[in-house]
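Step one of this worksheet: look at the structure below.
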Amino acid sequence: MSYDAETIEADETAQAIDIDRSKGDFTFPENHKYDAGRGLTKDTVDYIADVKNDADWIREFRHRALEVFESKPMPTNWATADLDNIDFDIIRYYLSDGQKPKRSWDEVPAEVLETFERLGIPEQERAFLAGVEAQYDSEAAYSNMKEGLEKEGVIFVNSKEGLNEYEEIFRPWFGKVIPTGDNKFSALNSAVFSGGSFIYVPKGVKLKQPLQAYFRINSENFGQFERTLIIADEGAEITYMEGCTAPKFETATLHSAVVELVAMKDAKIQYITVQNWSSNVYNLVTKRGMAHEGAEVRWIDCNIGSRLTMKYPGVVMKGEGARGEVISIALANDGQHQDTGAKMIHAANNTTSNVVSKSISVGEGRSTYRGQVHIPKHLKGCKNNTECDALLINSNSRTDTYPAITVRGNDHVTQHEASVSQVSEEMLFYMQQRGIGEAEAMSLAVNGFINDLVREFPMEYSVELKRLIELEMEGSVG
Amino acid sequence: MSLLIENLHANVDGTEILKGLSLEIPKGEVHAIMGPNGSGKSTLSKVLAGHDDYEVTAGSATMDGEDLFELEVDERSRAGLFLAFQYPAEVPGVSNANFLRAARQARLPKGEEIDAVKFYHEMYEKMDILEMDRKFTARAVNEGFSGGEKKRNEILQMMMLDPKYCLLDETDSGLDIDALKVVAKGVNEMRSADRGFLVITHYQRLLDYIEPDHVHVMSAGQIVKSGDKSLALELEANGYDFLKEEVAA
């Protein structure tokens with residue numbers, strides 16, 4: 001092959017990657033009626049409360065949270081020092097156009113509609129979703145649910161509507177699964193939250209199709225602080241999916257959500273995340289579910305992109321026979337740190353938890369697993385299974401595992417397995433000898449590594465996931 | 001039209017293993033290389049396929065006139081060179097069907113998709129020849145396979161990828177007689193005027209089932225003797241001791 005042909009081919013490949021990569025990498029001029037400005041003070045919090053016309057108890061909740069946020073140190077004693085690089089003074093905490101979320105895509109402002117169309121959201125909604133909420137910076141631009149669900153009593157609104165219009169349903173659980181003071185970032189969210197999804201599924205109602213939320217950051221130095229609370233009443237079932245993207249900016253962006261799930265007796269909640277943040281986003285999210293008697297809470301969490309992700313979805317198994325599960329996939333590329341894991345708190349007899357975590361580190365990417373399993377002495381018949389597997393692509397990739405399993409009492413079964421493997425040269429040579437190019441061979445190996453977990457995703461998402469991984473791997477080989 | 005190797009020298013970790021090897025395999029012929037352990041037989045197949053651990057220091061290898069050493073590993077494969085490995089690697093989590101599909105897809109022009117129905121039809125047909133269970137398509141490549149299953153899998157891949165030149169590296173090792181017959185059946189099925197074979201083996205046994213047109217004896221990185229299939233029988237009867245005598249003489 002001549003030099004020229006090689007160069008042309010390399011250029012074409014680069015272009016192909018750029019086109020695909022740019023799926024989420026575009027931005028529109030800002031058009032905000034409400035802008036809380038830069039930095040965080042009591043005035044910022046009051047500005048947000050004024051714009052949102054918060055009830056007094058919500059305003060007070062925000063004020064208390066701000067005090068907690070200011071009083072708590074950065075958790076750099078155990079977490080990464082990169083947290084210190086977040087400059088809270090340049091972040092903008094609230095940006096919105098002051099419009100209520102639209103029920104029809106036709107009414108959504110043109111550039112916002114174009115954003116979500118490029119991300120494929122309206123198309124997915126038609127194909128397989130029961131409802132969609134699409135958030136653009138601080139607030140939802142669109143929110144709609146399939147006809148019929150409303151009649152069954154399903155509520156699917158943003159945090160403002162949830163707290164104002166359905167206070168009697170949501171207030172009893174708001175901030176109860178994740179208290180404000182849980183950690184510095186849950187306190188931050190509690191002070192400045194806006195947007196997110198508040199969902200109530202009545203007794204015995206089982207949603208056949210998932211509800212989806214899509215979180216989009218459009219503005220630089222912006223902080224997105226959505227707040228989600230999902231309540232599945234007795235015997236109810238719901239699958240909720242969230243996706244997220246942001247354009248590449250020169251400077252850091254912050255995403256700090258709080259997600260609380262409440263599964264009442266015999267209810268089932270499945271919460272699926274496919275995160276694809278650009279590489280300058282700090283993604284510091286607190287997610288926890290509470291499972292009452294016989295209930296099940298399941299987190300399926302896929303983390304690709306971001307600069308630093310710290311996320312440890314948890315389940316508190318509060319009622320007898322409750323089940324908790326965390327299935328997670330993390331891919332850390334050059335310059336990225338995926339610090340993820342799970343928390344399983346057993347608080348009743350015969351509760352069962354399962355954690356399966358797979359991480360992939362590419363180039364100088366770093367992945368960390370932190371797990372906490374807690375089974376106190378007075379309980380009987382609890383089970384936990386924890387598996388964490390790491391795959392290293394290059395010799396300079398890094399992975400760490402910090403499992404903390406506290407089991408007291410004798411009548412419990414726990415099992416823990418961990419492994420670290422590498423894509424071997426012999427495996428690559430074998431695949432290449434069959435005519436498969438190096439990047440394609442890498443992505444086959446990575447997809448093989450997570451294959452058993454990808455099966456847990458709905459079809460549409462597993463296809464998207466495979467595509468994202470292929471894109472990540474294309475950039476990883478020289 | 002041939003696979004032509006001329007005066008090939010190759011090192012591994014600075015030690016010369018191939019020391020001026022020359023060999024021509026025209027299309028339509030089956031050549032066998034026999035030789036004692038350590039003579040460089042497996043090195044030859046790895047060098048031709050382009051393994052990183054081996055450094056070619058002199059000589060050439062061309063496939064129908066195309067310089068193999070100018071091509072990357074995957075390019076050699078797509079150009080028509082196939083290596084059936086002595087120890088095939090495992091690819092955890094990737095099913096045999098998906099793996100073969102990826103290999104076939106890699107041979108198509110950009111933007112063209114393989115016809116999945118035709119692909120499965122063809123794969124099942126070849127699997128029947130090799131007496132492989134249909135369930136096999138869903139199993140991960142070589143993961144937990146017995147020795148016999150691995151070798152059958154190599155032959156299945158060879159059949160599906162339709163190469164011009166096939167290198168079989170000790171395909172008979174670890175096979176019982178029934179598996180050996182099945183593997184040989186697959187190879188014989190593929191024999192044609194458009195394809196050349198190089199069968200590397202330590203034992204004559206395989207050549208009872210895959211009848212070679214030419215047999216070469218390799219020793220210390222070179223071909224030291226060539227003949228027809230009777231040479232294999234002679235080696236079987238007398239062993240490789242004659243090599244020492246020839247060196248001594």
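Please note that chains go A, B, ... in the order of the structure tokens, that every chain numbers its residues from 1, and that ligands are numbered from 1 in the order shown.
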Exercise. Which residues, written as a VMD selection string, have at least one atom at most 10 Å from segment 370-381 of chain A, with only C-alpha atoms counted and residues fewer than 3 positions away on the same chain left out?
Worked result: chain A and resid 310 to 316 320 to 321 339 to 355 357 384 to 386 388 400 to 414
List every residue of segment 53-249 of chain B that DSSP, applied to the backbone of this structure, places in alpha helix (DSSP H), and write the result as a PDB file with C-alpha atoms, in the first residue's frame.
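Output (states20.pdb):
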```pdb
ATOM      1  CA  VAL B  73      -1.843  -9.124  10.057  1.00  0.00           C
ATOM      2  CA  ASP B  74      -5.501  -8.458   9.233  1.00  0.00           C
ATOM      3  CA  GLU B  75      -4.644  -7.356   5.693  1.00  0.00           C
ATOM      4  CA  ARG B  76      -2.827 -10.649   5.041  1.00  0.00           C
ATOM      5  CA  SER B  77      -5.905 -12.483   6.196  1.00  0.00           C
ATOM      6  CA  ARG B  78      -8.214 -10.505   3.963  1.00  0.00           C
ATOM      7  CA  ALA B  79      -5.785 -11.002   1.065  1.00  0.00           C
ATOM      8  CA  ASN B  96     -18.695 -18.026  17.426  1.00  0.00           C
ATOM      9  CA  ALA B  97     -21.431 -16.712  15.174  1.00  0.00           C
ATOM     10  CA  ASN B  98     -20.677 -13.067  15.982  1.00  0.00           C
ATOM     11  CA  PHE B  99     -16.954 -13.627  15.606  1.00  0.00           C
ATOM     12  CA  LEU B 100     -17.314 -15.197  12.173  1.00  0.00           C
ATOM     13  CA  ARG B 101     -19.742 -12.496  11.179  1.00  0.00           C
ATOM     14  CA  ALA B 102     -17.247  -9.815  12.154  1.00  0.00           C
ATOM     15  CA  ALA B 103     -14.553 -11.600  10.132  1.00  0.00           C
ATOM     16  CA  ARG B 104     -16.834 -11.843   7.102  1.00  0.00           C
ATOM     17  CA  GLN B 105     -18.034  -8.276   7.530  1.00  0.00           C
ATOM     18  CA  ALA B 116     -27.490 -12.668   7.864  1.00  0.00           C
ATOM     19  CA  VAL B 117     -29.837 -15.355   6.549  1.00  0.00           C
ATOM     20  CA  LYS B 118     -27.401 -16.501   3.891  1.00  0.00           C
ATOM     21  CA  PHE B 119     -24.571 -16.365   6.411  1.00  0.00           C
ATOM     22  CA  TYR B 120     -26.308 -18.673   8.897  1.00  0.00           C
ATOM     23  CA  HIS B 121     -27.389 -21.018   6.140  1.00  0.00           C
ATOM     24  CA  GLU B 122     -23.824 -21.340   4.931  1.00  0.00           C
ATOM     25  CA  MET B 123     -22.429 -21.731   8.431  1.00  0.00           C
ATOM     26  CA  TYR B 124     -24.880 -24.524   9.284  1.00  0.00           C
ATOM     27  CA  GLU B 125     -23.978 -26.326   6.056  1.00  0.00           C
ATOM     28  CA  LYS B 126     -20.267 -26.308   6.952  1.00  0.00           C
ATOM     29  CA  MET B 127     -20.983 -27.249  10.547  1.00  0.00           C
ATOM     30  CA  ASP B 128     -22.843 -30.317   9.312  1.00  0.00           C
ATOM     31  CA  ILE B 129     -19.759 -31.414   7.369  1.00  0.00           C
ATOM     32  CA  GLY B 147      -8.934 -29.819  22.075  1.00  0.00           C
ATOM     33  CA  GLY B 148     -11.042 -31.460  19.384  1.00  0.00           C
ATOM     34  CA  GLU B 149     -13.669 -28.707  19.445  1.00  0.00           C
ATOM     35  CA  LYS B 150     -11.001 -26.041  19.059  1.00  0.00           C
ATOM     36  CA  LYS B 151      -9.529 -27.722  15.997  1.00  0.00           C
ATOM     37  CA  ARG B 152     -12.922 -28.235  14.378  1.00  0.00           C
ATOM     38  CA  ASN B 153     -13.606 -24.575  15.028  1.00  0.00           C
ATOM     39  CA  GLU B 154     -10.401 -23.629  13.220  1.00  0.00           C
ATOM     40  CA  ILE B 155     -11.477 -25.649  10.209  1.00  0.00           C
ATOM     41  CA  LEU B 156     -14.966 -24.139  10.305  1.00  0.00           C
ATOM     42  CA  GLN B 157     -13.460 -20.649  10.242  1.00  0.00           C
ATOM     43  CA  MET B 158     -11.187 -21.694   7.391  1.00  0.00           C
ATOM     44  CA  MET B 159     -14.157 -22.949   5.396  1.00  0.00           C
ATOM     45  CA  MET B 160     -16.177 -19.799   6.059  1.00  0.00           C
ATOM     46  CA  LEU B 161     -13.395 -17.383   5.135  1.00  0.00           C
ATOM     47  CA  ILE B 177      -8.763 -40.551  15.621  1.00  0.00           C
ATOM     48  CA  ASP B 178     -12.456 -39.692  15.119  1.00  0.00           C
ATOM     49  CA  ALA B 179     -11.869 -35.964  15.451  1.00  0.00           C
ATOM     50  CA  LEU B 180      -8.864 -36.262  13.168  1.00  0.00           C
ATOM     51  CA  LYS B 181     -11.023 -37.867  10.470  1.00  0.00           C
ATOM     52  CA  VAL B 182     -13.626 -35.107  10.745  1.00  0.00           C
ATOM     53  CA  VAL B 183     -11.001 -32.373  10.515  1.00  0.00           C
ATOM     54  CA  ALA B 184      -9.408 -34.091   7.502  1.00  0.00           C
ATOM     55  CA  LYS B 185     -12.807 -34.344   5.864  1.00  0.00           C
ATOM     56  CA  GLY B 186     -13.198 -30.576   6.171  1.00  0.00           C
ATOM     57  CA  VAL B 187      -9.776 -29.955   4.648  1.00  0.00           C
ATOM     58  CA  ASN B 188     -10.352 -32.418   1.807  1.00  0.00           C
ATOM     59  CA  GLU B 189     -13.676 -30.754   1.086  1.00  0.00           C
ATOM     60  CA  MET B 190     -11.758 -27.529   0.523  1.00  0.00           C
ATOM     61  CA  ARG B 205      -0.725 -40.026  10.959  1.00  0.00           C
ATOM     62  CA  LEU B 206      -2.491 -36.859   9.704  1.00  0.00           C
ATOM     63  CA  LEU B 207      -1.148 -37.445   6.201  1.00  0.00           C
ATOM     64  CA  ASP B 208      -3.051 -40.744   5.991  1.00  0.00           C
ATOM     65  CA  TYR B 209      -6.169 -38.628   5.858  1.00  0.00           C
ATOM     66  CA  SER B 230       6.451 -41.783   0.444  1.00  0.00           C
ATOM     67  CA  LEU B 231       8.930 -39.576   2.285  1.00  0.00           C
ATOM     68  CA  ALA B 232       6.436 -39.248   5.115  1.00  0.00           C
ATOM     69  CA  LEU B 233       6.160 -43.018   5.407  1.00  0.00           C
ATOM     70  CA  GLU B 234       9.914 -43.319   5.395  1.00  0.00           C
ATOM     71  CA  LEU B 235      10.139 -40.794   8.244  1.00  0.00           C
ATOM     72  CA  GLU B 236       7.486 -42.695  10.134  1.00  0.00           C
ATOM     73  CA  ALA B 237       9.483 -45.930   9.806  1.00  0.00           C
ATOM     74  CA  ASN B 238      12.974 -44.582  10.414  1.00  0.00           C
ATOM     75  CA  ASP B 241      17.778 -39.883  12.973  1.00  0.00           C
ATOM     76  CA  PHE B 242      18.920 -39.628   9.368  1.00  0.00           C
ATOM     77  CA  LEU B 243      19.195 -35.870   9.889  1.00  0.00           C
ATOM     78  CA  LYS B 244      22.034 -36.383  12.335  1.00  0.00           C
ATOM     79  CA  GLU B 245      23.780 -38.773   9.949  1.00  0.00           C
ATOM     80  CA  GLU B 246      23.484 -36.301   7.098  1.00  0.00           C
ATOM     81  CA  VAL B 247      24.873 -33.538   9.266  1.00  0.00           C
ATOM     82  CA  ALA B 248      27.672 -35.837  10.420  1.00  0.00           C
TER      83      ALA B 248
END
```
Problem set entry | Contact residues (chain A, partner chain B, 8 Å, only C-alpha atoms) as a VMD selection string | chain A and resid 1 426 to 427 429 to 430 432 to 438 444 to 445 447 to 452
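The space between atom CA of Ala65 of chain A and atom CA of Gly181 of chain A spans 7.5 Å.
Excluding Asp301 of chain A and any residue on its chain fewer than 3 positions from it, the residues at most 10 Å away by only C-alpha atoms are Met241, Glu242, Tyr271, Ile272, Thr273, Val274, Gln275, Arg298, Ile304, Lys311, Tyr312, Pro313, Val326, Ile327, Ser328, Ile329, Ala330, Thr340, Gly341, Ser357 and Phe457 of chain A.
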Excluding Phe156 of chain A and its own-chain neighbours fewer than 6 positions away, which residues fall within 9 Å of it when counting only C-alpha atoms? Please give them as a compact mmCIF listing (two decimals) with N, CA and C atoms, in the first residue's frame.
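Final file, part.txt:
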```txt
# COMPACT_ATOMS: atom_id res chain seq x y z
N GLY A 131 -43.40 7.20 27.94
CA GLY A 131 -43.41 8.63 28.18
C GLY A 131 -42.00 9.17 28.20
N VAL A 132 -41.87 10.49 27.93
CA VAL A 132 -40.54 11.09 27.88
C VAL A 132 -40.55 12.44 28.57
N GLU A 133 -39.46 12.71 29.28
CA GLU A 133 -39.23 14.05 29.73
C GLU A 133 -37.85 14.45 29.22
N SER A 143 -42.46 17.24 28.14
CA SER A 143 -42.82 16.17 29.06
C SER A 143 -44.15 15.61 28.61
N ASN A 144 -44.19 14.34 28.31
CA ASN A 144 -45.46 13.76 27.88
C ASN A 144 -45.49 12.27 28.17
N MET A 145 -46.69 11.77 28.34
CA MET A 145 -46.89 10.38 28.67
C MET A 145 -47.95 9.83 27.74
N GLU A 150 -52.38 8.30 32.40
CA GLU A 150 -52.91 9.31 33.31
C GLU A 150 -54.19 8.81 33.96
N GLY A 162 -44.25 18.31 40.87
CA GLY A 162 -44.42 17.22 41.83
C GLY A 162 -44.61 17.76 43.24
N SER A 197 -37.36 14.17 37.40
CA SER A 197 -38.67 13.52 37.24
C SER A 197 -39.25 13.12 38.58
N PHE A 198 -40.53 13.44 38.77
CA PHE A 198 -41.26 12.93 39.93
C PHE A 198 -42.33 11.98 39.38
N ILE A 199 -42.25 10.74 39.82
CA ILE A 199 -43.14 9.72 39.25
C ILE A 199 -43.85 8.98 40.37
N TYR A 200 -45.15 8.78 40.18
CA TYR A 200 -45.91 7.94 41.10
C TYR A 200 -46.67 6.90 40.29
N VAL A 201 -46.47 5.63 40.64
CA VAL A 201 -47.22 4.57 39.98
C VAL A 201 -48.15 3.96 41.04
N LEU A 211 -40.55 4.54 31.04
CA LEU A 211 -40.57 5.99 30.98
C LEU A 211 -39.12 6.43 30.84
```
For this session: In Å, rounded to a single decimal, give me how far atom CA of Ser96 of chain A is from atom CA of Pro122 of chain A.
Result: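 Between atom CA of Pro122 of chain A and atom CA of Ser96 of chain A the gap works out to 21.2 Å.
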For this session: Could you pull out the residues in segment 38-246 of chain B that DSSP calls strand (DSSP E or B) from the backbone, as a PyMOL selection string?
Result: chain B and resi 54-63+66-67+81-84+91-95+140-141+165-169+196-201+214-219+222-227
Exercise. So which residues touch segment 19-26 of chain B within 6 Å, counting only C-alpha atoms, skipping near sequence neighbours fewer than 3 positions away, as an MDAnalysis selection string?
Worked result: chainID B and resid 1:9 29 221:222
Exercise. What's the 7 Å shell around Asp233 of chain A, counting only C-alpha atoms, without same-chain residues fewer than 6 positions away, as number ranges by chain?
Worked result: A: 201-203, 263-264, 267
Exercise. Which is closer to Val30 of chain B than all the others in B:Leu48, B:Leu175, B:Cys166, B:Met218, using only C-alpha atoms?
Worked result: B:Cys166
